[in-house]
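Visitor: Pasting entry03.cif here (mmCIF, C-alpha atoms):
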data_model
#
loop_
_atom_site.label_atom_id
_atom_site.label_comp_id
_atom_site.auth_asym_id
_atom_site.auth_seq_id
_atom_site.Cartn_x
_atom_site.Cartn_y
_atom_site.Cartn_z
CA MET A 1 102.96 118.17 92.63
CA SER A 2 103.51 120.56 89.72
CA PRO A 3 107.07 121.51 88.72
CA ALA A 4 106.34 125.14 89.65
CA SER A 5 105.64 124.12 93.25
CA LEU A 6 108.85 122.10 93.66
CA PRO A 7 111.57 123.64 95.77
CA ALA A 8 114.55 125.23 94.04
CA PRO A 9 117.06 122.53 92.97
CA HIS A 10 119.97 124.24 94.74
CA LEU A 11 118.59 123.48 98.21
CA GLU A 12 120.61 121.09 100.32
CA PRO A 13 118.69 118.01 101.50
CA VAL A 14 117.50 118.05 105.10
CA SER A 15 117.36 114.95 107.29
CA ALA A 16 113.82 114.32 108.56
CA TYR A 17 112.03 111.58 110.48
CA ILE A 18 108.48 110.49 109.72
CA GLY A 19 106.22 108.55 112.10
CA VAL A 20 103.97 106.02 110.35
CA GLY A 21 100.98 104.25 111.93
CA SER A 22 97.81 102.36 111.06
CA ASN A 23 95.17 100.24 112.78
CA LEU A 24 92.62 99.71 109.99
CA ALA A 25 92.43 97.90 106.63
CA ASP A 26 95.45 95.59 107.02
CA PRO A 27 97.71 97.88 109.06
CA VAL A 28 100.93 96.02 108.19
CA HIS A 29 100.20 96.57 104.50
CA GLN A 30 99.22 100.22 105.06
CA VAL A 31 102.45 101.00 106.92
CA THR A 32 104.68 99.07 104.51
CA SER A 33 103.04 100.69 101.50
CA ALA A 34 103.44 104.17 102.98
CA LEU A 35 107.12 103.55 103.75
CA ASN A 36 107.66 102.50 100.13
CA ARG A 37 105.87 105.60 98.80
CA LEU A 38 107.98 108.07 100.82
CA ASP A 39 110.87 107.42 98.45
CA ALA A 40 108.71 108.66 95.55
CA PHE A 41 108.10 112.13 97.00
CA PRO A 42 109.74 114.86 94.88
CA GLY A 43 113.29 115.62 95.95
CA THR A 44 113.13 112.97 98.67
CA ARG A 45 115.15 109.84 99.38
CA LEU A 46 114.31 107.13 101.91
CA ILE A 47 117.44 106.55 104.01
CA ALA A 48 116.17 103.92 106.47
CA ARG A 49 112.99 102.37 107.80
CA SER A 50 112.45 100.89 111.22
CA ASN A 51 111.11 97.51 112.10
CA LEU A 52 107.34 97.33 112.62
CA TYR A 53 105.94 97.60 116.14
CA ARG A 54 102.55 96.86 117.66
CA SER A 55 101.11 99.21 120.24
CA PRO A 56 97.82 99.55 122.09
CA PRO A 57 95.61 102.50 121.13
CA PHE A 58 96.38 105.86 122.68
CA GLY A 59 93.66 108.22 123.88
CA HIS A 60 90.54 106.53 122.51
CA LEU A 61 90.94 102.93 123.74
CA ASP A 62 88.01 101.20 121.99
CA GLN A 63 89.82 100.38 118.75
CA PRO A 64 92.33 97.86 117.36
CA ASP A 65 96.04 97.92 118.17
CA PHE A 66 98.29 100.00 115.93
CA ILE A 67 101.20 99.03 113.74
CA ASN A 68 103.92 101.71 113.85
CA ALA A 69 107.22 102.49 112.19
CA VAL A 70 109.58 105.42 111.65
CA ALA A 71 111.26 106.43 108.41
CA HIS A 72 114.44 108.46 108.04
CA ILE A 73 114.38 110.55 104.86
CA GLU A 74 116.45 113.24 103.21
CA THR A 75 114.40 115.84 101.38
CA VAL A 76 114.68 119.20 99.68
CA LEU A 77 110.99 119.80 100.36
CA ASP A 78 110.34 122.49 102.95
CA PRO A 79 108.39 121.32 106.03
CA GLU A 80 105.03 122.68 104.83
CA THR A 81 105.37 121.02 101.41
CA LEU A 82 106.48 117.77 103.04
CA LEU A 83 103.41 117.91 105.28
CA SER A 84 101.17 118.42 102.22
CA GLU A 85 102.73 115.37 100.56
CA LEU A 86 102.17 113.31 103.72
CA LEU A 87 98.53 114.40 103.98
CA SER A 88 97.99 113.50 100.31
CA LEU A 89 99.45 110.05 100.96
CA GLU A 90 97.13 109.61 103.95
CA GLN A 91 94.15 110.50 101.73
CA ALA A 92 95.33 108.06 99.05
CA HIS A 93 95.20 105.38 101.75
CA GLY A 94 91.62 106.29 102.69
CA ARG A 95 92.33 108.32 105.83
CA VAL A 96 89.19 109.78 107.40
CA ARG A 97 89.54 112.05 110.45
CA LEU A 98 86.49 111.36 112.61
CA PHE A 99 87.93 112.44 115.98
CA ALA A 100 91.28 112.86 117.75
CA ASN A 101 93.18 109.63 118.45
CA GLY A 102 90.59 107.64 116.54
CA PRO A 103 91.15 104.63 114.30
CA ARG A 104 92.83 105.31 110.97
CA THR A 105 94.04 103.62 107.84
CA LEU A 106 97.21 105.70 107.85
CA ASP A 107 98.75 108.35 110.05
CA LEU A 108 101.92 110.17 108.98
CA ASP A 109 103.66 112.71 111.20
CA ILE A 110 106.80 114.76 110.75
CA LEU A 111 108.65 113.96 113.96
CA MET A 112 111.67 116.10 113.27
CA TYR A 113 112.89 118.18 110.33
CA GLY A 114 116.60 118.91 110.65
CA THR A 115 116.98 120.95 113.81
CA GLU A 116 114.06 123.21 112.95
CA CYS A 117 111.70 124.40 115.65
CA ARG A 118 108.42 125.97 114.59
CA GLN A 119 104.86 126.19 115.70
CA ASN A 120 101.94 127.41 113.67
CA ALA A 121 98.33 126.39 113.12
CA ARG A 122 99.36 123.63 110.69
CA LEU A 123 102.66 122.26 111.94
CA THR A 124 104.72 121.99 115.13
CA LEU A 125 108.35 120.86 114.94
CA PRO A 126 109.62 118.79 116.54
CA HIS A 127 106.39 116.83 117.01
CA PRO A 128 104.87 118.13 120.27
CA ARG A 129 103.98 114.80 121.90
CA LEU A 130 107.11 112.73 121.25
CA ALA A 131 107.99 112.24 124.88
CA GLN A 132 104.68 110.46 125.63
CA ARG A 133 104.82 107.93 122.78
CA SER A 134 106.93 104.80 123.01
CA PHE A 135 105.31 103.69 119.74
CA VAL A 136 107.28 106.51 118.09
CA LEU A 137 110.45 106.51 120.21
CA LEU A 138 111.17 102.77 120.03
CA PRO A 139 111.06 102.45 116.22
CA TRP A 140 112.90 105.77 115.94
CA LEU A 141 115.88 104.15 117.68
CA ASP A 142 116.00 101.65 114.79
CA VAL A 143 116.84 104.43 112.30
CA ALA A 144 118.63 107.09 114.34
CA PRO A 145 121.54 107.16 116.78
CA LYS A 146 120.61 107.03 120.46
CA THR A 147 122.46 110.30 120.83
CA LEU A 148 120.32 112.17 118.27
CA MET A 149 119.27 115.40 119.98
CA ILE A 150 115.66 116.41 119.58
CA PRO A 151 115.62 120.21 119.85
CA GLY A 152 114.35 121.27 123.25
CA GLN A 153 113.69 117.69 124.43
CA GLY A 154 116.92 115.71 124.67
CA THR A 155 117.89 112.39 123.13
CA ILE A 156 115.52 109.70 121.92
CA ALA A 157 117.05 107.23 124.40
CA ARG A 158 116.46 109.58 127.36
CA LEU A 159 112.89 110.28 126.28
CA LEU A 160 112.20 106.56 125.93
CA SER A 161 113.61 105.86 129.41
CA THR A 162 111.03 108.20 130.98
CA CYS A 163 108.14 107.54 128.58
CA PRO A 164 104.83 106.80 130.34
CA GLY A 165 102.37 104.17 129.23
CA PRO A 166 102.69 100.70 127.75
CA PRO A 167 105.67 100.02 125.49
CA ALA A 168 105.39 99.21 121.81
CA LEU A 169 106.34 95.61 120.98
CA PRO A 170 108.25 94.45 117.88
CA LEU A 171 106.26 92.36 115.41
#
Can I see the file as structure tokens?
Guide:
Amino acid sequence: MSPASLPAPHLEPVSAYIGVGSNLADPVHQVTSALNRLDAFPGTRLIARSNLYRSPPFGHLDQPDFINAVAHIETVLDPETLLSELLSLEQAHGRVRLFANGPRTLDLDILMYGTECRQNARLTLPHPRLAQRSFVLLPWLDVAPKTLMIPGQGTIARLLSTCPGPPALPL
């Protein structure tokens, strides 16, 4: 990222949560490596990382299980710039988008950015499918208080208690 594209230094850091997943090319390594690289984003500090969890594939079932985690970061990057950084990291890890819910070397999602709510062609905040994904909610509880309110959806603990589908399992 060029210095001209960095956010103004007077911005206050925003607390954000990033979902991390992989099911190809040594998924444990892919997830661990991505978690380590988040701390190197401009104006960003890694606050906490969850344990690793294994989950069955979602949507397209004919693929390996996933390894998932959630990172808590503080960043001065705006949501669009943060998304660009995440997409660049996915590409650096060999991410190829063949079809929705397909296998991947790395998947990075902004789950929540402060209390911001937005929806455009590129980004929806908070992440629109949180309530259906125990593989996100369970590791999220490792790095956030159970009482953390997700705008328009409730707490992580409440969402997890009503989450459909098979649970993620700790490694």
Visitor: What does the PyMOL selection byres ((chain A and resi 103) around 8) select in this file, as an NGL selection string?
Guide: :A and (22-24 or 63-64 or 101-102 or 104-105)
Visitor: I need the output of the PyMOL selection byres ((chain A and resi 34) around 9) for this file as a list in words; which residues are they?
Guide: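 Selected by the PyMOL selection byres ((chain A and resi 34) around 9) here: Val20, His29, Gln30, Val31, Thr32, Ser33, Leu35, Asn36, Arg37, Leu38, Leu89, Glu90, His93, Leu106 and Leu108 of chain A.
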Visitor: As an exercise, work out the distance from atom CA of A:Leu52 to atom CA of A:Leu169 in Å and give it to one decimal place.
Guide: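 If I compute the distance from atom CA of A:Leu52 to atom CA of A:Leu169, I get 8.6 Å.
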Visitor: Mind giving me the straight-line distance from atom CA of A:Ala131 to atom CA of A:Leu61 in Å, one decimal?
Guide: 19.5 Å
Visitor: Tell me which residues the PyMOL selection byres ((chain A and resi 153) around 12) grabs here, as a list in words.
Guide: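 So the PyMOL selection byres ((chain A and resi 153) around 12), applied here, picks out Met112, Thr115, Cys117, Leu125, Pro126, His127, Pro128, Arg129, Leu130, Ala131, Gln132, Leu148, Met149, Ile150, Pro151, Gly152, Gly154, Thr155, Ile156, Ala157, Arg158, Leu159, Leu160 and Thr162 of chain A.
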Visitor: Determine the nearest neighbour of A:Phe135 from the options A:Ala48, A:Leu11, A:Ala121, A:Cys163, counting only C-alpha atoms.
Guide: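 Comparing A:Ala48, A:Leu11, A:Ala121, A:Cys163 against A:Phe135, the winner is A:Cys163.
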Visitor: Given all atoms listed in the file as the basis, pick out the residue of A:Pro170, A:Arg97, A:Val76, A:His60 nearest to A:Asp142.
Guide: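 Distance minimum relative to A:Asp142 lands on A:Pro170.
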Visitor: When distances are computed from only C-alpha atoms, which of A:Ile67, A:Gly59, A:Asp78, A:Ser50 shows the smallest separation from A:Pro13?
Guide: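 With only C-alpha atoms as the atom set, the closest residue is A:Asp78.
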Visitor: For a quick check of understanding, using only C-alpha atoms, which of A:Asn68, A:Thr44, A:Thr81, A:Gln91 has the smallest distance to A:Glu12?
Guide: A:Thr44
Visitor: Measuring between all atoms listed in the file, which one of A:Asp109, A:Glu116, A:Asp65, A:Glu85 shows the shortest distance to A:Asp39?
Guide: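 Distance minimum relative to A:Asp39 lands on A:Glu85.
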Visitor: What does the distance between atom CA of A:Val143 and atom CA of A:Gly114 come to in Å, to one decimal place?
Guide: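 Separation between atom CA of A:Val143 and atom CA of A:Gly114: 14.6 Å.
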